[in-house]
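As stored in upload-v3.cif (mmCIF, C-alpha atoms):
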data_protein
#
loop_
_atom_site.label_atom_id
_atom_site.label_comp_id
_atom_site.auth_asym_id
_atom_site.auth_seq_id
_atom_site.Cartn_x
_atom_site.Cartn_y
_atom_site.Cartn_z
CA MET P 1 -10.74 -26.52 -18.65
CA ASN P 2 -9.21 -24.49 -15.89
CA ALA P 3 -8.04 -27.58 -14.09
CA GLN P 4 -5.67 -28.20 -17.00
CA ARG P 5 -4.15 -24.77 -16.78
CA ILE P 6 -0.79 -24.17 -15.18
CA PHE P 7 -0.09 -21.20 -12.96
CA ASP P 8 3.60 -20.60 -12.47
CA ARG P 9 5.15 -18.83 -9.56
CA ALA P 10 6.14 -15.45 -11.00
CA ARG P 11 9.82 -14.67 -11.41
CA ALA P 12 10.54 -12.75 -8.26
CA ASP P 13 11.81 -9.60 -9.97
CA THR P 14 8.95 -9.21 -12.45
CA GLN P 15 6.35 -8.60 -9.72
CA PRO P 16 6.73 -6.12 -6.87
CA PRO P 17 7.77 -7.42 -3.45
CA LEU P 18 5.38 -7.06 -0.52
CA CYS P 19 7.84 -5.07 1.57
CA TYR P 20 9.52 -2.24 -0.32
CA PRO P 21 10.88 0.36 2.12
CA PRO P 22 10.91 3.30 -0.37
CA TYR P 23 7.09 2.91 -0.48
CA THR P 24 6.65 3.74 3.19
CA SER P 25 3.11 2.36 3.60
CA THR P 26 4.48 -1.15 3.07
CA ALA P 27 6.38 -0.99 6.38
CA LYS P 28 3.36 -1.58 8.61
CA ARG P 29 1.05 -3.20 6.07
CA ALA P 30 3.11 -5.89 4.34
CA PRO P 31 3.19 -9.21 6.22
CA LEU P 32 6.60 -10.08 7.63
CA GLU P 33 6.18 -13.87 7.79
CA PRO P 34 6.94 -15.77 4.58
CA LEU P 35 3.89 -16.62 2.47
CA ILE P 36 2.80 -20.25 2.83
CA PRO P 37 3.00 -22.07 -0.51
CA ILE P 38 -0.19 -23.97 -1.35
CA PRO P 39 -1.33 -25.85 -4.43
CA PRO P 40 -4.41 -24.53 -6.25
CA THR P 41 -7.72 -26.19 -5.40
CA ALA P 42 -11.15 -25.87 -7.00
CA LEU P 43 -11.55 -22.59 -5.11
CA GLU P 44 -8.57 -20.96 -6.77
CA LEU P 45 -9.26 -22.50 -10.19
CA GLY P 46 -13.04 -22.15 -10.51
CA SER P 47 -14.56 -19.59 -12.87
CA PRO P 48 -15.86 -16.59 -10.96
CA LEU P 49 -19.54 -15.81 -11.20
CA VAL P 50 -18.72 -12.10 -11.27
CA PRO P 51 -21.68 -9.76 -11.39
CA LEU P 52 -20.83 -8.12 -14.73
CA HIS P 53 -24.07 -6.21 -15.06
CA THR P 54 -24.02 -4.93 -18.62
CA CYS P 55 -20.60 -3.66 -19.46
CA PRO P 56 -19.94 -2.87 -23.13
CA ALA P 57 -16.51 -3.33 -24.77
CA LEU P 58 -16.16 0.45 -24.99
CA CYS P 59 -16.49 2.87 -22.15
CA ASP P 60 -16.35 6.61 -22.61
CA LEU P 61 -15.49 8.37 -19.34
CA THR P 62 -15.90 11.76 -21.03
CA GLN P 63 -19.64 11.16 -21.44
CA ALA P 64 -20.46 10.59 -17.76
CA GLY P 65 -21.12 14.25 -16.95
CA ARG P 66 -23.54 16.80 -18.39
CA ALA P 67 -20.65 18.50 -20.22
CA PRO P 68 -17.26 17.21 -21.38
CA PRO P 69 -14.59 17.13 -18.66
CA LEU P 70 -11.60 19.43 -18.87
CA GLY P 71 -8.32 17.92 -19.99
CA GLU P 72 -6.64 16.17 -22.86
CA ARG P 73 -8.96 13.53 -24.35
CA ILE P 74 -7.22 10.19 -24.94
CA ILE P 75 -8.01 6.67 -26.10
CA VAL P 76 -6.63 3.73 -24.12
CA SER P 77 -7.01 0.36 -25.76
CA GLY P 78 -5.42 -3.07 -25.87
CA HIS P 79 -5.88 -6.81 -25.67
CA VAL P 80 -6.07 -9.11 -22.69
CA THR P 81 -4.36 -12.47 -23.24
CA ASP P 82 -2.99 -15.36 -21.22
CA GLU P 83 0.70 -16.28 -21.17
CA ASP P 84 0.29 -18.24 -24.41
CA GLY P 85 -1.03 -15.12 -26.16
CA LYS P 86 -4.56 -16.55 -26.29
CA PRO P 87 -7.14 -13.73 -26.26
CA LEU P 88 -9.28 -13.70 -23.12
CA VAL P 89 -12.89 -12.98 -24.03
CA GLY P 90 -15.47 -11.49 -21.68
CA VAL P 91 -12.93 -10.29 -19.13
CA LEU P 92 -14.15 -7.50 -16.85
CA ILE P 93 -11.83 -4.47 -16.70
CA GLU P 94 -12.51 -1.72 -14.18
CA LEU P 95 -10.68 1.61 -14.42
CA TRP P 96 -10.40 4.59 -12.08
CA GLN P 97 -8.28 7.70 -12.16
CA ALA P 98 -7.65 11.29 -11.06
CA ASN P 99 -8.93 14.17 -13.19
CA ALA P 100 -6.77 16.36 -15.44
CA ALA P 101 -5.74 18.46 -12.45
CA GLY P 102 -4.58 15.43 -10.49
CA ARG P 103 -7.54 15.23 -8.11
CA TYR P 104 -9.63 12.16 -7.35
CA LYS P 105 -13.35 12.53 -6.76
CA HIS P 106 -12.96 10.97 -3.32
CA LEU P 107 -13.72 12.20 0.18
CA HIS P 108 -10.23 11.39 1.42
CA ASP P 109 -8.34 13.11 -1.41
CA THR P 110 -7.28 16.40 0.17
CA HIS P 111 -5.03 17.62 -2.65
CA ASP P 112 -5.77 21.29 -3.29
CA ALA P 113 -6.59 20.90 -6.97
CA PRO P 114 -10.04 21.51 -8.47
CA ILE P 115 -12.64 18.79 -8.70
CA ASP P 116 -14.11 18.61 -12.20
CA PRO P 117 -17.90 18.36 -11.79
CA HIS P 118 -18.07 16.65 -15.17
CA PHE P 119 -15.60 13.88 -14.43
CA GLU P 120 -16.28 10.88 -12.18
CA GLY P 121 -13.11 9.04 -13.15
CA SER P 122 -14.48 5.52 -13.30
CA GLY P 123 -15.30 3.09 -16.09
CA ALA P 124 -15.79 -0.59 -16.78
CA VAL P 125 -15.66 -2.71 -19.92
CA VAL P 126 -15.74 -6.38 -20.87
CA THR P 127 -13.28 -7.60 -23.50
CA ASP P 128 -14.79 -8.48 -26.89
CA ALA P 129 -14.46 -11.65 -28.99
CA ASP P 130 -10.81 -10.74 -29.77
CA GLY P 131 -9.94 -10.02 -26.15
CA ALA P 132 -9.88 -6.30 -26.97
CA TYR P 133 -11.11 -3.35 -24.93
CA ARG P 134 -11.20 0.41 -25.42
CA PHE P 135 -11.67 3.37 -23.10
CA ILE P 136 -12.07 7.03 -24.01
CA THR P 137 -11.03 9.28 -21.14
CA ILE P 138 -8.85 12.27 -20.28
CA LYS P 139 -5.20 12.19 -19.36
CA PRO P 140 -4.93 12.35 -15.56
CA GLY P 141 -2.65 14.87 -13.87
CA ALA P 142 0.28 14.14 -11.59
CA TYR P 143 -0.41 14.76 -7.90
CA PRO P 144 1.51 15.02 -4.62
CA TRP P 145 1.41 12.37 -1.93
CA ARG P 146 3.00 12.11 1.48
CA ASN P 147 5.34 9.18 0.92
CA HIS P 148 8.46 11.35 1.26
CA PRO P 149 9.20 15.09 1.07
CA ASN P 150 8.02 16.55 -2.26
CA ALA P 151 6.72 13.19 -3.50
CA TRP P 152 4.64 13.25 -6.70
CA ARG P 153 2.91 10.35 -8.42
CA PRO P 154 3.34 10.12 -12.18
CA ALA P 155 0.12 10.31 -14.20
CA HIS P 156 -1.53 6.87 -14.10
CA LEU P 157 -4.73 4.93 -14.66
CA HIS P 158 -5.75 2.23 -12.18
CA PHE P 159 -6.77 -1.07 -13.80
CA SER P 160 -8.56 -4.03 -12.21
CA VAL P 161 -8.82 -7.14 -14.37
CA PHE P 162 -10.63 -10.45 -13.86
CA GLY P 163 -9.45 -13.49 -15.72
CA ALA P 164 -10.49 -17.11 -15.69
CA CYS P 165 -10.11 -17.61 -11.96
CA LEU P 166 -8.82 -16.18 -8.70
CA LEU P 167 -5.20 -16.85 -9.65
CA THR P 168 -5.43 -14.55 -12.66
CA ARG P 169 -6.83 -11.59 -10.74
CA LEU P 170 -4.80 -8.46 -11.47
CA VAL P 171 -4.84 -4.93 -10.10
CA THR P 172 -2.25 -2.65 -11.65
CA GLN P 173 -1.56 0.86 -12.93
CA MET P 174 -0.90 2.13 -16.45
CA TYR P 175 1.60 4.93 -17.01
CA PHE P 176 2.38 7.33 -19.85
CA PRO P 177 5.57 7.34 -21.93
CA GLY P 178 8.25 9.92 -21.29
CA ASP P 179 7.01 10.85 -17.81
CA PRO P 180 10.02 12.20 -15.86
CA LEU P 181 8.33 11.25 -12.56
CA LEU P 182 8.48 7.51 -13.28
CA ALA P 183 12.10 7.09 -12.19
CA HIS P 184 11.27 8.82 -8.87
CA ASP P 185 8.08 6.87 -8.11
CA PRO P 186 8.58 4.11 -5.52
CA ILE P 187 5.38 2.33 -6.59
CA PHE P 188 6.55 2.05 -10.21
CA MET P 189 10.16 1.39 -9.20
CA SER P 190 9.11 -1.42 -6.82
CA ILE P 191 9.22 -3.74 -9.84
CA ALA P 192 12.93 -4.57 -9.96
CA ASN P 193 12.93 -5.89 -13.52
CA ARG P 194 13.18 -2.95 -15.89
CA ALA P 195 11.39 -4.64 -18.81
CA ALA P 196 8.58 -5.75 -16.49
CA ARG P 197 7.98 -2.24 -15.19
CA GLU P 198 8.22 -0.66 -18.62
CA ARG P 199 5.42 -2.94 -19.79
CA LEU P 200 3.20 -0.79 -17.55
CA VAL P 201 4.07 2.24 -19.69
CA ALA P 202 1.57 2.38 -22.57
CA PRO P 203 3.20 3.52 -25.82
CA LEU P 204 1.58 6.11 -28.06
CA ASP P 205 -0.08 4.19 -30.90
CA TRP P 206 -0.96 5.89 -34.20
CA SER P 207 -3.41 3.13 -35.13
CA LEU P 208 -5.44 3.95 -31.99
CA THR P 209 -5.09 7.71 -32.41
CA VAL P 210 -8.21 9.30 -33.90
CA PRO P 211 -7.50 12.37 -36.09
CA GLU P 212 -8.92 15.62 -34.72
CA PHE P 213 -10.12 13.74 -31.62
CA GLY P 214 -7.50 12.22 -29.34
CA LEU P 215 -4.17 10.46 -28.96
CA GLY P 216 -4.24 6.70 -28.55
CA TYR P 217 -2.20 4.67 -26.07
CA ARG P 218 -1.86 0.88 -26.25
CA PHE P 219 -1.97 -1.07 -23.00
CA ASP P 220 -1.92 -4.83 -23.51
CA ILE P 221 -2.45 -6.96 -20.43
CA VAL P 222 -1.18 -10.51 -19.87
CA LEU P 223 -2.85 -12.55 -17.15
CA GLY P 224 -1.24 -15.57 -15.52
CA GLY P 225 -2.06 -19.04 -16.79
CA ARG P 226 -0.94 -21.20 -19.69
CA SER P 227 -2.20 -24.32 -21.34
CA GLY P 228 -0.39 -27.39 -20.22
CA THR P 229 -0.19 -30.90 -21.56
CA PRO P 230 -0.93 -33.55 -18.94
CA GLY P 231 2.71 -34.63 -18.89
CA GLU P 232 3.79 -31.18 -17.84
CA GLN P 233 1.56 -31.04 -14.81
CA ALA P 234 3.11 -31.10 -11.40
CA MET I 1 6.09 -18.24 -26.90
CA ARG I 2 5.52 -17.39 -23.26
CA MET I 3 4.36 -13.86 -22.61
CA PRO I 4 5.34 -12.28 -19.31
CA VAL I 5 2.50 -11.67 -16.88
CA THR I 6 1.68 -7.99 -16.34
CA ALA I 7 3.08 -6.71 -13.04
CA ALA I 8 0.75 -5.80 -10.20
CA GLN I 9 0.60 -2.39 -8.52
CA THR I 10 -1.18 -1.23 -5.40
CA VAL I 11 -4.92 -0.59 -5.49
CA GLY I 12 -4.19 2.76 -3.74
CA PRO I 13 -6.44 4.65 -1.34
CA PHE I 14 -9.09 5.78 -3.84
CA PHE I 15 -10.21 2.46 -5.30
CA SER I 16 -13.82 3.02 -4.29
CA ILE I 17 -14.19 5.26 -7.37
CA GLY I 18 -13.68 2.27 -9.66
CA LEU I 19 -14.51 -0.76 -7.55
CA ASN I 20 -17.45 0.14 -5.34
CA GLY I 21 -19.93 -0.13 -8.20
CA ARG I 22 -19.68 -3.86 -7.77
CA LEU I 23 -19.72 -4.14 -3.98
CA ALA I 24 -21.97 -6.86 -2.65
CA PRO I 25 -24.96 -5.57 -0.66
CA PRO I 26 -23.99 -5.42 3.04
CA PRO I 27 -25.43 -8.12 5.29
CA ARG I 28 -28.73 -7.13 6.89
CA PRO I 29 -29.58 -8.78 10.19
CA PRO I 30 -30.81 -11.41 10.67
CA GLN I 31 -28.77 -12.51 7.66
CA PRO I 32 -25.84 -14.79 8.55
CA LEU I 33 -22.58 -12.88 8.30
CA MET I 34 -18.80 -12.85 8.65
CA THR I 35 -17.31 -9.69 10.13
CA GLY I 36 -13.99 -8.49 11.48
CA CYS I 37 -11.41 -5.75 11.56
CA ILE I 38 -8.21 -5.39 9.55
CA ARG I 39 -5.25 -4.01 11.50
CA ASP I 40 -1.73 -3.01 10.55
CA GLY I 41 1.54 -3.64 12.40
CA ASP I 42 0.78 -0.84 14.87
CA GLY I 43 -2.65 -2.32 15.56
CA ALA I 44 -4.29 0.60 13.73
CA PRO I 45 -7.47 -0.18 11.75
CA VAL I 46 -7.05 -0.27 7.96
CA ARG I 47 -9.85 1.86 6.57
CA ASP I 48 -8.97 1.48 2.89
CA ALA I 49 -9.04 -2.24 2.15
CA VAL I 50 -11.00 -4.21 -0.43
CA LEU I 51 -11.80 -7.85 0.31
CA GLU I 52 -12.84 -10.19 -2.46
CA VAL I 53 -14.45 -13.32 -1.11
CA TRP I 54 -14.46 -16.38 -3.35
CA THR I 55 -16.63 -19.32 -2.33
CA LEU I 56 -17.14 -22.57 -4.19
CA ALA I 57 -20.62 -22.63 -5.79
CA ASN I 58 -20.15 -25.98 -7.49
CA PRO I 59 -17.04 -27.95 -8.43
CA HIS I 60 -16.31 -25.63 -11.37
CA ALA I 61 -17.53 -22.20 -10.38
CA VAL I 62 -17.06 -19.81 -7.51
CA HIS I 63 -19.29 -17.17 -6.02
CA PHE I 64 -17.64 -13.79 -5.87
CA GLN I 65 -18.41 -11.06 -3.35
CA ARG I 66 -16.56 -7.78 -2.94
CA THR I 67 -16.63 -5.76 0.25
CA ALA I 68 -14.57 -2.90 1.67
CA THR I 69 -13.58 -1.79 5.18
CA ASN I 70 -15.24 1.24 6.75
CA ASP I 71 -13.50 4.08 8.60
CA GLY I 72 -13.09 1.77 11.59
CA GLY I 73 -11.32 -0.88 9.51
CA VAL I 74 -14.38 -3.16 9.83
CA PHE I 75 -15.69 -5.37 7.04
CA ALA I 76 -18.69 -7.68 6.83
CA TRP I 77 -20.06 -9.99 4.21
CA ALA I 78 -23.31 -11.92 4.04
CA LEU I 79 -23.02 -15.68 4.19
CA GLY I 80 -26.23 -16.18 2.24
CA GLU I 81 -29.11 -18.57 2.76
CA ASP I 82 -27.13 -21.42 1.20
CA SER I 83 -24.03 -20.89 3.34
CA THR I 84 -24.33 -24.23 5.13
CA ALA I 85 -24.60 -26.11 1.85
CA LEU I 86 -21.70 -24.11 0.43
CA LEU I 87 -19.62 -24.82 3.46
CA GLU I 88 -20.11 -28.57 3.07
CA LEU I 89 -18.73 -28.20 -0.45
CA THR I 90 -15.86 -25.87 0.22
CA GLY I 91 -15.11 -25.81 3.94
CA CYS I 92 -13.86 -22.22 3.86
CA TRP I 93 -13.98 -18.83 2.23
CA THR I 94 -10.99 -17.71 0.18
CA VAL I 95 -10.17 -14.01 0.47
CA LEU I 96 -8.08 -11.75 -1.74
CA LEU I 97 -7.08 -8.60 0.05
CA PHE I 98 -6.13 -5.34 -1.68
CA LEU I 99 -5.08 -2.15 0.07
CA ARG I 100 -2.85 0.91 -0.04
CA GLY I 101 0.60 -0.25 1.00
CA LEU I 102 0.19 -3.66 -0.62
CA LEU I 103 1.94 -3.79 -3.99
CA ARG I 104 0.17 -7.07 -4.79
CA PRO I 105 -2.85 -8.76 -3.23
CA LEU I 106 -2.72 -11.09 -0.26
CA LEU I 107 -4.43 -14.46 -0.40
CA THR I 108 -5.89 -16.02 2.72
CA ARG I 109 -8.74 -18.23 3.93
CA VAL I 110 -11.17 -18.33 6.78
CA TYR I 111 -12.51 -21.55 8.29
CA LEU I 112 -15.27 -22.20 10.82
CA PRO I 113 -14.42 -23.99 14.08
CA SER I 114 -17.26 -26.45 13.39
CA HIS I 115 -15.95 -27.31 9.92
CA LEU I 116 -12.18 -27.63 10.23
CA PRO I 117 -10.61 -29.62 7.40
CA PRO I 118 -9.17 -33.11 7.93
CA ALA I 119 -5.48 -33.37 8.78
CA HIS I 120 -4.63 -34.56 5.26
CA ASP I 121 -6.33 -31.58 3.55
CA LEU I 122 -4.11 -30.26 0.74
CA VAL I 123 -4.05 -26.70 2.05
CA TRP I 124 -4.68 -27.15 5.79
CA SER I 125 -1.80 -29.60 6.08
CA ARG I 126 0.63 -26.96 4.75
CA ILE I 127 -0.26 -24.39 7.38
CA PRO I 128 2.07 -24.52 10.40
CA LEU I 129 0.11 -25.63 13.49
CA ALA I 130 0.93 -22.44 15.37
CA ARG I 131 -0.61 -20.26 12.65
CA ARG I 132 -3.86 -22.15 12.02
CA ALA I 133 -5.75 -20.26 14.72
CA THR I 134 -5.36 -17.05 12.68
CA LEU I 135 -7.63 -18.56 10.02
CA ILE I 136 -10.44 -19.78 12.27
CA ALA I 137 -13.42 -17.48 12.78
CA GLN I 138 -15.08 -17.25 16.19
CA GLU I 139 -18.80 -17.69 16.59
CA ILE I 140 -20.67 -14.57 17.74
CA PRO I 141 -23.58 -15.51 20.05
CA SER I 142 -26.58 -14.70 17.89
CA ALA I 143 -29.91 -16.09 16.71
CA VAL I 144 -28.44 -16.64 13.24
CA PRO I 145 -24.96 -17.81 12.26
CA ALA I 146 -22.54 -14.92 12.77
CA TYR I 147 -18.77 -15.09 12.94
CA ARG I 148 -15.89 -12.81 13.74
CA TRP I 149 -12.54 -13.03 11.97
CA ASP I 150 -9.94 -10.31 12.43
CA ILE I 151 -7.09 -9.91 9.97
CA HIS I 152 -3.67 -8.83 11.25
CA LEU I 153 -1.28 -7.76 8.49
CA GLN I 154 1.59 -8.11 10.97
CA SER I 155 2.03 -9.33 14.53
CA THR I 156 1.55 -6.54 17.07
CA LEU I 157 3.10 -5.75 20.43
CA ASP I 158 -0.19 -6.50 22.21
CA GLY I 159 0.11 -10.13 21.16
CA SER I 160 -1.99 -10.40 18.00
CA ALA I 161 -0.44 -12.90 15.60
CA GLU I 162 0.06 -12.15 11.91
CA THR I 163 -2.65 -13.79 9.81
CA ALA I 164 -1.42 -16.64 7.62
CA PHE I 165 -1.20 -15.62 3.96
CA PHE I 166 -0.62 -17.91 1.00
CA ASP I 167 1.30 -18.10 -2.25
CA CYS I 168 -0.67 -20.28 -4.64
CA ALA I 169 0.80 -21.75 -7.85
CA SER I 170 0.61 -25.09 -9.60
CA ALA I 171 4.21 -25.16 -10.79
CA GLU I 172 7.24 -24.52 -8.60
#

Please express the file's structure as structure tokens.
Amino acid sequence: MNAQRIFDRARADTQPPLCYPPYTSTAKRAPLEPLIPIPPTALELGSPLVPLHTCPALCDLTQAGRAPPLGERIIVSGHVTDEDGKPLVGVLIELWQANAAGRYKHLHDTHDAPIDPHFEGSGAVVTDADGAYRFITIKPGAYPWRNHPNAWRPAHLHFSVFGACLLTRLVTQMYFPGDPLLAHDPIFMSIANRAARERLVAPLDWSLTVPEFGLGYRFDIVLGGRSGTPGEQA
Amino acid sequence: MRMPVTAAQTVGPFFSIGLNGRLAPPPRPPQPLMTGCIRDGDGAPVRDAVLEVWTLANPHAVHFQRTATNDGGVFAWALGEDSTALLELTGCWTVLLFLRGLLRPLLTRVYLPSHLPPAHDLVWSRIPLARRATLIAQEIPSAVPAYRWDIHLQSTLDGSAETAFFDCASAE
């Protein structure tokens, strides 16, 4: 099945470049030689035998501690599809984030904001038969980083998504609408195409919002790959 | 209608919160292993990298192993009991690399000196001769198969060459 799928080279401006000087860590970490174009082989097209363990289609990050975490409870939900809009079923999504105060539960996070003992900040789900997933969590806080003087990251959730094969692997970040920090964030702004970067901003969605419980944000994810007819194949 | 592929963003420095739950168990001697160090353009070790190692299990499926660098920038993954059989099938390990400072992952491969692909190999033939050495692991003298493969994100002043990285797509 996968062998029939076509994986296009992304339009250059809809994905971030490797070297983006405003994001200063790219200077010494992004390769300087051009990438070597190769055709996909069985290795890049084979289905991954990913150890899924037992991930449900819903993950509630507010239930991981002995008491509810502090912060604004939210619902984040969406569908994972391919470029043809076909739902991708059984896709593993991993999520991690800072707490409501903007602090990660990580040894190397030295930001002077409180750790919430009731919030780990990690979750994992597998998409259901419609390609849908749903997380319940808290809205993360903005936090400072040392990229440039007075640099602050907008609130964001980290997403890691597995698709049909290596070529569909995606790690990205989801942002919140109306955040004034977005225009100042070199990681977000590294995507030159405005529409492409705004697709990482999850709109408020009333159909996902649960009355008296939490606001819902919709984050749909499109992984690379489309069906091809044999005549279209390179 | 074609839907645009979601844009990538960096994995950031704190990925272990979300990704380490699915790390492969570290190799335990005398288990065969692949190890090495990831270094940046200053030659400094990269202590916050995730490596995902994809190996052909059969013609339609790939084994997946995730590992991360330690504070010294060192990674290691187990080659498994069936590594010789796997190697006959695949000839190499494909690696996706994620780290702070990379806005999208890097794709590379590591080959063994004893199992270099034929000159006409679809991928090998595309790699400039001068850069092939960056993808060949060195055998570590040991009772069991053990290999060293260092990854250099950029060339350094002390003479280390930038590792060859790929861009893989089926349509131009």

Please determine the contact residues of chain I with respect to chain P at a cut-off of 6 Å, counting only C-alpha atoms, and supply them as a PyMOL selection string.
-> chain I and resi 2-3+5-9+17-18+40-41+56+60-64+101+103+123+153-154+165-171

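Residues matched by the PyMOL selection byres ((chain I and resi 23) around 9) in this file are Leu19, Asn20, Gly21, Arg22, Ala24, Pro25, Pro26, Gln65, Arg66, Thr67 and Ala68 of chain I.
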
Could you tell me which residues the PyMOL selection byres ((chain P and resi 139) around 10) returns for this structure, as number ranges by chain?
-> P: 70-76, 97-102, 136-138, 140-142, 155-157, 176, 215

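Run against this file, the PyMOL selection byres ((chain P and resi 133) around 8) gives back Ala57, Leu58, Ser77, Gly78, His79, Val80, Val125, Val126, Thr127, Asp128, Gly131, Ala132, Arg134 and Phe135 of chain P.
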
Please provide as a PyMOL selection string all residues within 12 Å of Thr134 of chain I, with the sequence filter that same-chain residues fewer than 4 positions apart are discarded (counting all atoms listed in the file).
-> chain I and resi 108-113+127-130+138+148-155+160-165

Based on the selection just made, write C-alpha atoms of those residues as a PDB file, in the coordinates of the input.
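Listed below is the output, part.pdb:
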ATOM      1  CA  THR I 108      -5.890 -16.020   2.720  1.00  0.00           C
ATOM      2  CA  ARG I 109      -8.740 -18.230   3.930  1.00  0.00           C
ATOM      3  CA  VAL I 110     -11.170 -18.330   6.780  1.00  0.00           C
ATOM      4  CA  TYR I 111     -12.510 -21.550   8.290  1.00  0.00           C
ATOM      5  CA  LEU I 112     -15.270 -22.200  10.820  1.00  0.00           C
ATOM      6  CA  PRO I 113     -14.420 -23.990  14.080  1.00  0.00           C
ATOM      7  CA  ILE I 127      -0.260 -24.390   7.380  1.00  0.00           C
ATOM      8  CA  PRO I 128       2.070 -24.520  10.400  1.00  0.00           C
ATOM      9  CA  LEU I 129       0.110 -25.630  13.490  1.00  0.00           C
ATOM     10  CA  ALA I 130       0.930 -22.440  15.370  1.00  0.00           C
ATOM     11  CA  GLN I 138     -15.080 -17.250  16.190  1.00  0.00           C
ATOM     12  CA  ARG I 148     -15.890 -12.810  13.740  1.00  0.00           C
ATOM     13  CA  TRP I 149     -12.540 -13.030  11.970  1.00  0.00           C
ATOM     14  CA  ASP I 150      -9.940 -10.310  12.430  1.00  0.00           C
ATOM     15  CA  ILE I 151      -7.090  -9.910   9.970  1.00  0.00           C
ATOM     16  CA  HIS I 152      -3.670  -8.830  11.250  1.00  0.00           C
ATOM     17  CA  LEU I 153      -1.280  -7.760   8.490  1.00  0.00           C
ATOM     18  CA  GLN I 154       1.590  -8.110  10.970  1.00  0.00           C
ATOM     19  CA  SER I 155       2.030  -9.330  14.530  1.00  0.00           C
ATOM     20  CA  SER I 160      -1.990 -10.400  18.000  1.00  0.00           C
ATOM     21  CA  ALA I 161      -0.440 -12.900  15.600  1.00  0.00           C
ATOM     22  CA  GLU I 162       0.060 -12.150  11.910  1.00  0.00           C
ATOM     23  CA  THR I 163      -2.650 -13.790   9.810  1.00  0.00           C
ATOM     24  CA  ALA I 164      -1.420 -16.640   7.620  1.00  0.00           C
ATOM     25  CA  PHE I 165      -1.200 -15.620   3.960  1.00  0.00           C
TER      26      PHE I 165
END

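Rounded to one decimal, atom CA of Ala183 of chain P and atom CA of Trp152 of chain P lie 11.1 Å from each other.
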
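Between atom CA of Asp179 of chain P and atom CA of Phe162 of chain P the interatomic distance comes to 27.9 Å.
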
Centre, edges in Å (one decimal): axis-aligned box, segment 7-19 of chain I, 6 Å padding on all six sides, as AutoDock Vina command-line options:
--center_x -5.7 --center_y -0.5 --center_z -7.2 --size_x 29.6 --size_y 24.5 --size_z 23.7

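Going from atom CA of Arg218 of chain P to atom CA of Gly163 of chain P covers 19.4 Å.
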